[in-house]
Every structure is written in C-alpha cells, then in structure tokens.
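In what follows, a structure is listed as structure tokens, so that the remarks can point back to it.
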Amino acid sequence: MDKKLEKALSLVQKPARYTGGELNSIIKDKHSVDVRFAFCFPDTYEVGMSHLGGKILYGVLNSLDYVWCERVYAPWIDFEEQMRYKDISLYGLESGDDIAKFDFIGFTLMYEMSYTNVLNMLDLAGVPVRSADRTELSPIVILGGACTCNPEPLTPFADIICLGEGEEVLCEVTDLYRQCKVKKCLKQEFLNKAAQIKGIYVPSFYEVSYNEDNTVKAVTPNNENAPETVQKRVVKDFDKSYFPETFIVPFLDVVHDRAILELFRGCVRGCRFCQAGFIYRPVRERSHETLNRQAAALCESTGYDEISLSSLSTSDYRGLPELLPEMMEWTEKGGVSLSLPSLRVDNFSRSLMEKIQSVRKSGLTFAPEAGTQRLRDAINKNVSEEEIFKTCRLAFEGGWTSVKLYFMLGLPTETMEDVEGIADLAQRVVDAFYSMPERPKGKSVNVSVSVATFVPKPFTPFQWEPQDNLETVVEKHNRLRSIIRSRKINLSYHDDHTSFLEAVLACGDRRLADVIETAWRSGCRFDSWDECFNFEKWMAAFEKCGVDPAFYANRKRSYDEVMPWDHIDYGVNKEFLLRENKKAYTDETSPNCREGCCGCGASRLTGGECDACD
Amino acid sequence: MLAIRVKFKKEGRARFISHLDLNRCMQRALRRAQIPIWRTQGFNPHPYIVFAMPLSIFYESDCEIMDARLDGDMPLDEVKERLAAQMPEGIVISEVAIPQMKLADIGFASYSVTLDFDGKSKKDLDDTVTELTAHDEITIEKETKRKTMNIDIKEYFDSAKIEVFDGAININVTLPAGSQANLNPSCFVAAFEKYSNKPDFEHIRRLEIYNQDKQNFL
C-alpha cells in the first residue's frame with residue numbers, strides 16, 4: 001500500500017471499507033489472467049457486501065481461470081474527498097490497482113437512487129462517464145441488475161447492458177471480449193458481436209424517436225446486429241446453477257452479515273405494484289437437498305452463525321417442510337440460527353413460527369400493503385383481514401409483542417377511505433392484543449406502521465399509473481397522522497421527494513440521462529442517503545435540462561402509448577399486464593400461479609416449463 | 001475446562017481492523033477452526049473470548065493477547081495449527097499456551113513509534129529532538145471519559161531510545177499499560193505537535209507486554 005493511500009485511510013471513518021484482505025476474497029496473479037473485471041456496487045461497502053447477486057457473480061467470474069474479478073464500492077464522502085484531494089484513483093479491493101486499466105467496469109443497479117453513484121465512481125476512476133467518449137476497447141462499462149429492465153435513463157453511460165440473470169451471460173461476454181482482445185479488435189467490432197449474445201443490449205445500436213406530446217414514438221435498431229427486441233436471460237436449471245460455496249467474510253459489520261441461501265427465483269403471487277414479482281419470473285426452485293448442502297458448506301467456510309433463507313415470499317417455497325428439519329439437525333447443535341426474512345401473512349403457521357423461535361426470536365413483520373380489503377383486492381395482495389388477525393393472534397400467543405406492518409400509500413384506485421383504513425387496521429391489531437386473555441403478561445404491544453409511497457414501475461400491471469403528486473401525498477400523510485390515536489402505534493413514512501424521484505427514474509427514457517449527469521455534476525450522489533440527498537439540486541437539474549419530472553412520475557399513460565422499455569422483453573407480456581391493470585379497476589383478484597395460470601408469458605423463457613404451474 | 005492464551009501479531013492490512021471487528025473476526029475464525037471453545041450460556045450463546053488490551057486502529061502489534069477456554073480435549077499445538085489456518089491476511093498466531101499470569105497483572109507495554117517529517121534532514125530532526133527534550137517538563141493533554149488533564153511525559157522521553165534518520169524519528173519506549181495506568185503512545189505525536197511540528201505521519205507498533213515487575217507477560 002502506498003503512503004498516499006495510507007495517509008488518506010488514516011483520516012477517514014471505517015478504513016476497513018477500503019482495504020480489502022477479507023477472508024475468502026480472491027487473489028490471482030494479474031499476469032496470468034486475460035480479463036480483469038471490476039465488479040462495482042454503487043453504494044457503500046456495508047450495503048454492497050450484503051448483496052447476494054454480487055457474491056454469485058463474483059464467484060462465477062472468478063471460477064473462470066482467465067478472469068480476475070474484483071470488488072469496488074462507492075467511497076463514502078469522507079474518503080471521496082481524500083481521493084480527489086490526494087489524486088487517488090478508484091481501485092479494486094483485491095489488487096489495489098486502478099480500475100481504469102481494467103477490461104470491464106461493471107455496475108449492478110439495484111435501486112434508482114444509486115444512479116448518480118455510477119457516474120461518480122466512473123469519474124473517480126478517471127474514466128469518461130459517457131460511452132461515446134470512451135473510444136478504446138477497454139474499459140467496457142457494463143450494467144446489470146434489477147433496474148436494467150428499464151435501463152434507458154442510463155444508456156448513454158453504458159457500453160453494454162445485461163438483461164436478466166447474469167450467471168451465464170457474463171461468462172459469454174468475457175469470453176467474447178477475450179477473443180476480441182487477442183485479435184486487437186476495435187470497440188465497435190466487439191459491440192457488434194456482443195449485440196448478438198442473447199440478453200445483451202447495446203444501447204448505442206438503437207435510435208429513439210419521440211412524438212410531439214413528448215411520448216416515445218419508436219425505438220429502432222440502427223445496427224444490423226441488434227435485434228428489434230432484446231430478451232432477458234434466465235438460468236434454466238436453477239437447481240444446478242452456480243451458487244458460491246463460500247462468501248467473503250467482512251471485518252466490518254455490514255447490513256446483512258450472514259450466510260444467505262437462495263431458495264427460489266421469481267414469485268407466484270403477482271401483487272400488481274411489485275416489480276420484483278414480475279421481472280424475476282418464471283419461478284424456479286432449488287431442491288431442499290441442494291440448499292441444505294449449500295447451507296452447511298457456507299457456514300463451514302465462513303464461520304457464520306446465522307443463515308437467512310432468502311427469496312421473494314419465502315414461505316411459498318414448497319420444500320420448506322423438508323428443508324427446515326434437515327437444516328435444524330445441524331444448526332441447533334452448532335448454535336446457528338435461521339431467519340426467514342420474507343414471510344406472507346396467509347401461510348405463516350404455528351409450526352413455522354416455533355421453528356424460527358427455537359433458535360432466536362426476532363420481530364414480526366407483515367405487509368398488508370393496503371388498509372382496506374377492497375384496495376388489497378385491487379392490488380392483488382391476496383391477504384384477508386381474517387388471515388392478518390389470525391397471524392397476529394398466533395404471534396401474540398407465541399410471545400411476540402411487537403408487530404411491524406408495511407403499507408403503501410397512493411396506490412391506484414385509492415381513496416381517503418383506504419388511507420383511513422390503515423389507521424383502523426393498526427388500531428384493531430392493538431385491540432386484538434388486549435382482547436386476548438392469553439396475551440404475554442405484563443407487556444405492552446407495539447405496532448409499527450411503516451408507510452411507503454407507491455412508485456409505478458416498468459413491467460408491472462401498474463406501469464401505466466401515475467404516482468400521487470407531492471401535495472396529495474402530504475395530504476394523505478397528514479390525514480393518517482391525525483387519526484392515529486393510540487400511543488401503541490408508531491407511524492413512519494418514506495421521504496416523499498425520494499419516492500417521487502424514484503418514480504421519475506424508474507419510468508424514464510433517454511432524455512433523463514442529461515438530468516442525471518447535470519444533477520451529479522452539481523454534487524448529487526448517495527441519493528438514497530438522507531444526509532446526502534438534495535432534492536433542490538435535482539429539481540434544478542430538471543429545470544436546466546428542460547425536462548418536466550411530473551411527465552414521468554405523475555402522468556397516467558394510455559394503454560397504446562409506447563413505453564420507453566417496450567423494446568426490452570422480460571418474459572411477462574404486455575397483454576397480460578394490461579389485463580391485470582384492468583382487473584384492478586374492478587377490484588378483481590387473480591389467483592397465484594399455483595392456483596391457476598394467468599398466462600403472464602414468462603414460461604417461454606425456459607422453453608415452456610414453469611415451476612409454478614406444473 | 002482449560003484456560004488458554006493465544007498470542008498473535010496484527011500487522012499490514014489487518015491494522016485497519018478495529019477492536020470490535022477483530023472480536024467478530026476471531027469468533028468466526030474459532031467456529032471455522034472447529035475448536036471446542038466454551039460458549040456463554042445466556043440468551044445469545046457465543047464463544048467466550050477476552051482480549052488483553054484493545055489495540056487502537058492503525059497500530060500494529062507483535063503481542064496481542066486473546067484468552068479463551070477450551071470446552072473439550074484438543075492439544076494446544078492443534079489449537080494453534082487450526083486457528084492459524086483460519087486467520088485473514090495480517091493476523092499471525094504466534095503462540096497458544098496456558099496462561100501464567102492474570103490479565104490484571106499487566107503493567108507495561110513497549111512500543112516503537114516512528115514519526116515521519118517529510119523533507120526534514122537528520123540534522124534538522126536532531127535539533128528538534130534536542131530542543132524538545134531540553135524542556136523541564138513536557139506536558140500534553142490527556143482526555144479521559146470524565147475530564148481532560150495535563151500530564152507530564154518528560155520521564156518517558158528520558159527513558160526512551162530515540163533514533164533520528166533523514167525524514168523520520170523513531171522512538172522505542174516502555175509505557176504504563178493495563179487497567180490501572182495506561183498511556184497511549186500517541187502522546188509522543190501530541191508532544192511533537194505541541195512543542196515543534198506535527199509529524200506528517202506516524203507508525204506505531206506494540207512490541208511487548210509486561211507485568212507490573214516488567215517481566216514478559218505470559
């Protein structure tokens with residue numbers, strides 16, 4: 001480590017964010033690899049190190065002997081200041097080498113509010129932020145992750161974009177690059193070939209035209225190698241797909257500092273506001289034998305004493321009755337605790353509760369999402385009031401006294417009555433506690449109500465829907481606060497400005513790139529952090545670029561409007577989404593995939609097979 | 001149940017690991033090594049380990065001490081071997097033994113303090129040291145939890161072995177350490193800052209720990 005860096009590190013908080021050297025991090029000989037890959041997570045070390053996708057792809061890429069993949073996280077503002085002042089370039093944690101000299105700089109985009117960090121990290125690396133200004137073959141800036149289902153706002157900054165799951169496609173891209181590097185290809189030649197790989201989107205190969213009313217007219221390929229629509233990639237045999245035998249064990253206390261198992265991908269539920277519920281389809285499960293083996297290997301190689309069973313709606317995993325007892329045979333003896341972070345109210349059983357409780361007791365969290373049954377039906381959150389109360393009573397009987405309820409405000413078709421229903425539901429949970437003779441003695445109940453603002457997202461039935469404008473959101477917050485009387489209820493809600501910007505970026509098109517760059521150049525980064533988020537600077541950037549953010553966030557789109565992401569295919573088809581949207585307006589629910597197929601279309605990605613409906 | 005004492009070095013990249021993080025790191029290493037360490041029997045059982053003296057972040061050390069209890073049979077050689085295999089870069093297990101002294105017996109620790117003065121010649125720095133040590137008392141502020149007090153560290157300058165190079169001063173010194181009286185070697189940095197110039201950078205390494213009678217702590 002050179003002295004300049006050492007001095008910088010002595011002046012910042014948590015220097016271990018920037019020093020690497022953690023157990024199980026992979027060190028290779030840089031002279032014996034052909035491709036160097038900087039895997040960047042555009043947020044702090046603690047957040048990025050908690051990301052399972054990053055662990056999987058780090059493992060996949062490093063399993064190729066010709067690739068060395070290193071981790072890079074966004075330096076916190078104190079270290080950024082030191083880096084800029086002392087002229088330290090952004091480096092890979094494993095080698096300490098500048099990533100500007102790497103072959104790939106990859107970013108994983110998990111939330112819209114991390115976009116400015118992408119630009120900031122490229123800049124800290126000394127790499128031009130715009131693809132057009134990077135003329136050499138390397139570095140190739142590649143984007144992936146959940147947000148790339150609508151990558152349009154970031155397209156001018158990216159060379160190539162991975163749609164869908166990265167395990168296989170990243171290997172194909174690095175292999176292609178390696179051949180191109182040997183042949184000393186131009187960047188253009190590499191991009192021509194990359195565009196032919198399934199799941200790879202080369203945004204510079206597409207022209208976007210606009211109508212007079214500012215909506216998108218068409219997105220058309222301008223390169224013969226570019227397909228008209230780009231389909232996302234999925235791993236077909238999920239049980240056999242790559243999963244790391246080990247995780248890097250951080251020194252710092254990161255957000256999710258534990259072993260994580262991925263039970264399945266996709267979700268059978270189809271809640272109409274939930275992007276994750278649609279973009280990860282089709283549902284594919286891992287067998288409980290595989291999972292048990294992976295869990296044991298992870299704990300042994302990391303020393304973790306906690307395992308999280310992760311997926312969307314974890315209790316929908318069909319192998320749970322086999323998996324839990326199998327795992328508990330060794331976890332209890334070894335003092336390893338299990339946690340199931342994503343449970344649904346309706347199938348939360350007593351025995352499941354006891355199983356989690358036998359090791360360690362944590363809080364209970366439920367997401368009814370809406371305050372009235374009518375609205376829950378409209379958003380297809382198929383949870384009945386009866387189920388909510390049954391579960392709460394079960395929990396109280398089991399000794400829990402603290403319940404967290406998640407709601408969303410501003411959902412399509414919502415009325416003030418629905419808003420008031422949130423307070424009413426919370427109050428009745430409190431009442432239910434006190435009406436129980438067998439409630440935990442001498443304890444008071446605590447109901448936390450957490451309210452998020454609805455954000456319309458691409459590839460959901462609500463992609464056509466407007467977000468409530470800021471005044472309406474504030475009005476609803478005030479109403480809610482004014483009618484909550486009980487001191488047993490704690491109300492908290494998300495920052496309205498953040499949700500608004502999230503809606504703009506999620507549903508945006510290419511014209512937002514200028515806004516993102518302007519906002520970043522005016523000092524915006526770490527927008528998901530309250531201490532850094534500056535709404536005024538963002539608004540100034542919209543103004544300066546002549547872009548109206550309300551056009552993206554608060555406008556109802558017509559069914560025949562061309563969406564900025566219509567040239568991207570995530571499996572679920574538009575007709576299905578449209579049907580679901582219409583059903584919302586008649587308060588009509590849809591069955592979950594296992595009860596009956598609604599024909600979302602995602603099964604064509606795996607060739608007709610779908611775990612959910614077989 | 002057998003009490004054991006693990007002695008280890010902490011150097012290189014590991015000097016950026018804080019005390020709290022080191023604790024977690026060791027807990028996990030003990031689990032991976034499958035050493036039968038006695039676990040606390042409370043609500044949240046975890047391997048019971050105790051560190052002798054927390055080492056400040058950025059310091060290196062040749063003589064860190066971690067105490068634990070074996071809850072089962074395992075030869076000490078094997079404990080050492082297994083634990084050593086699980087250490088991250090920069091933490092080196094040097095010895096696993098049965099404790100001979102109590103942690104409360106710790107009385108002193110020796111340090112090597114290297115202060116960088118970029119661009120200063122050996123002669124300049126010789127003058128700086130001569131000037132500084134000529135003072136009758138060298139007082140610096142020491143902050144405790146309750147108050148800030150002035151302490152005179154002149155005696156430690158006198159007892160220290162001070163070597164001067166081009167651009168750097170090295171101070172080899174034994175200071176009171178442990179629960180009764182403890183003096184952080186950063187007091188030398190503070191003294192230079194107050195009486196002459198602030199060093200551009202400092203490297204501090206703990207070399208050895210002693211009991212109240214200045215015998216090696218075992």
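In the structure tokens, the first chain shown is A, the next is B, and so on; residue numbers restart at 1 for each chain, and ligands run from 1 in the order shown.
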Expected answer as a list in words: chain A residues within 7 Å of chain B, only C-alpha atoms: Pro15, Ala16, Thr19, Gly21, Glu22, Leu23, Phe251, Leu252, Glu300, Ser301, Thr302, Gly303 and Tyr304 of chain A
Which of segment 27-179 of chain B counts as strand (DSSP E) under DSSP, as a ChimeraX atom specification please?
/B:49-51,60-70,91-97,106-116,139-143,148-152,161-165,168-176
From atom CA of Tyr317 of chain A to atom CA of Glu329 of chain A the spacing works out at 19.5 Å
Just list the residues in segment 422-579 of chain A DSSP gives alpha helix (DSSP H) on the backbone, as a VMD selection string. chain A and resid 422 to 434 470 to 483 496 to 506 512 to 521 535 to 545 549 to 553 574 to 579
Polymer residues at most 9 Å from segment 185-187 of chain A, only C-alpha atoms, same-chain spacing of 6 or more positions, as a VMD selection string:
chain A and resid 135 to 138 140 179
For Gly601 of chain A, work out the shell of residues within 8 Å, counting only C-alpha atoms and skipping chain neighbours fewer than 2 positions away, then give it as JSON, numbers by chain. {"A": [571, 572, 573, 576, 599, 603, 604]}
Convert the current residue selection to file output with C-alpha atoms, as a PDB file, in the first residue's frame.
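Now in result-v6.pdb:
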```
ATOM      1  CA  GLY A 571     -40.840 -12.531 -20.275  1.00  0.00           C
ATOM      2  CA  VAL A 572     -44.137 -11.196 -18.963  1.00  0.00           C
ATOM      3  CA  ASN A 573     -46.050  -9.829 -21.933  1.00  0.00           C
ATOM      4  CA  PHE A 576     -51.057  -9.855 -19.525  1.00  0.00           C
ATOM      5  CA  GLY A 599     -50.714 -16.552 -18.818  1.00  0.00           C
ATOM      6  CA  SER A 603     -42.503 -19.596 -19.149  1.00  0.00           C
ATOM      7  CA  ARG A 604     -41.370 -19.147 -22.755  1.00  0.00           C
TER       8      ARG A 604
END
```
Tell me, as an NGL selection string, which residues lie within 12 Å of Pro456 of chain A, counting only C-alpha atoms; anything in the same chain fewer than 2 positions away does not count. :A and (272-275 or 408-412 or 453-454 or 458-468 or 499-508 or 552-557)
Could you write out that same residue set with C-alpha atoms as an mmCIF file, in the first residue's frame?
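And here's out-v8.cif as it stands now:
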```cif
data_model
loop_
_atom_site.group_PDB
_atom_site.id
_atom_site.type_symbol
_atom_site.label_atom_id
_atom_site.label_comp_id
_atom_site.auth_asym_id
_atom_site.auth_seq_id
_atom_site.Cartn_x
_atom_site.Cartn_y
_atom_site.Cartn_z
ATOM 1 C CA ARG A 272 -49.801 -5.676 -9.054
ATOM 2 C CA PHE A 273 -47.478 -2.976 -7.726
ATOM 3 C CA CYS A 274 -44.485 -5.264 -7.208
ATOM 4 C CA GLN A 275 -41.795 -5.169 -9.848
ATOM 5 C CA MET A 408 -48.223 1.596 0.607
ATOM 6 C CA LEU A 409 -49.853 4.947 0.081
ATOM 7 C CA GLY A 410 -51.065 6.349 -3.217
ATOM 8 C CA LEU A 411 -51.898 3.015 -4.822
ATOM 9 C CA PRO A 412 -54.065 3.152 -7.951
ATOM 10 C CA THR A 453 -45.312 5.848 -1.285
ATOM 11 C CA PHE A 454 -46.434 3.873 -4.328
ATOM 12 C CA PRO A 458 -41.953 -0.934 -15.518
ATOM 13 C CA PHE A 459 -43.145 -4.498 -16.177
ATOM 14 C CA THR A 460 -45.900 -4.303 -13.589
ATOM 15 C CA PRO A 461 -49.653 -4.008 -14.214
ATOM 16 C CA PHE A 462 -49.361 -0.526 -12.719
ATOM 17 C CA GLN A 463 -46.745 0.701 -15.190
ATOM 18 C CA TRP A 464 -49.371 2.968 -16.776
ATOM 19 C CA GLU A 465 -50.354 4.517 -13.466
ATOM 20 C CA PRO A 466 -49.404 7.946 -12.142
ATOM 21 C CA GLN A 467 -47.861 8.492 -8.754
ATOM 22 C CA ASP A 468 -49.761 10.847 -6.461
ATOM 23 C CA SER A 499 -40.218 8.328 -3.895
ATOM 24 C CA PHE A 500 -41.013 10.958 -6.493
ATOM 25 C CA LEU A 501 -37.528 10.864 -7.970
ATOM 26 C CA GLU A 502 -37.588 7.088 -7.877
ATOM 27 C CA ALA A 503 -40.758 7.127 -9.996
ATOM 28 C CA VAL A 504 -39.195 9.526 -12.499
ATOM 29 C CA LEU A 505 -36.043 7.444 -12.893
ATOM 30 C CA ALA A 506 -37.856 4.092 -12.913
ATOM 31 C CA CYS A 507 -40.205 5.070 -15.727
ATOM 32 C CA GLY A 508 -37.821 7.389 -17.529
ATOM 33 C CA TYR A 552 -42.673 10.746 -15.936
ATOM 34 C CA ALA A 553 -43.973 10.373 -12.392
ATOM 35 C CA ASN A 554 -47.467 11.844 -12.253
ATOM 36 C CA ARG A 555 -48.914 11.225 -15.717
ATOM 37 C CA LYS A 556 -51.372 8.464 -16.479
ATOM 38 C CA ARG A 557 -50.210 6.704 -19.618
#
```
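Residues in contact with Ala134 of chain B at up to 12 Å, not including ones fewer than 4 positions away on its chain and judged by only C-alpha atoms, are B:Asp127, B:Thr128, B:Val129, B:Thr130, B:Ile138, B:Lys154, B:Glu155, B:Phe157, B:Asp158, B:Tyr195.
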Go ahead and save the residues from that selection, with C-alpha atoms, as a compact mmCIF listing (two decimals), in the first residue's frame.
```txt
# COMPACT_ATOMS: atom_id res chain seq x y z
CA ASP B 127 17.93 19.67 16.65
CA THR B 128 14.17 19.22 17.09
CA VAL B 129 14.71 16.32 19.48
CA THR B 130 17.44 18.12 21.44
CA ILE B 138 6.71 18.08 28.52
CA LYS B 154 9.16 14.08 30.19
CA GLU B 155 10.24 10.91 32.04
CA PHE B 157 11.24 10.92 26.68
CA ASP B 158 14.20 10.40 29.03
CA TYR B 195 6.45 21.73 21.09
```
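Checking A:Lys583, A:Lys183, A:Arg130, A:Lys217 one by one against Asp560 of chain A, counting only C-alpha atoms, you find the shortest gap at A:Lys217.
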Residues at most 6 Å from segment 61-78 of chain A, counting only C-alpha atoms, excluding those fewer than 6 positions away in the same chain, as a PyMOL selection string? chain A and resi 12+33-45+92-94
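Note that atom CA of Asp97 of chain A and atom CA of Asp62 of chain B are 28.9 Å apart.
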One residue among B:Lys142, B:Leu76, B:Cys63, B:Arg205 is nearest to Leu218 of chain B when using only C-alpha atoms, and that residue is B:Cys63
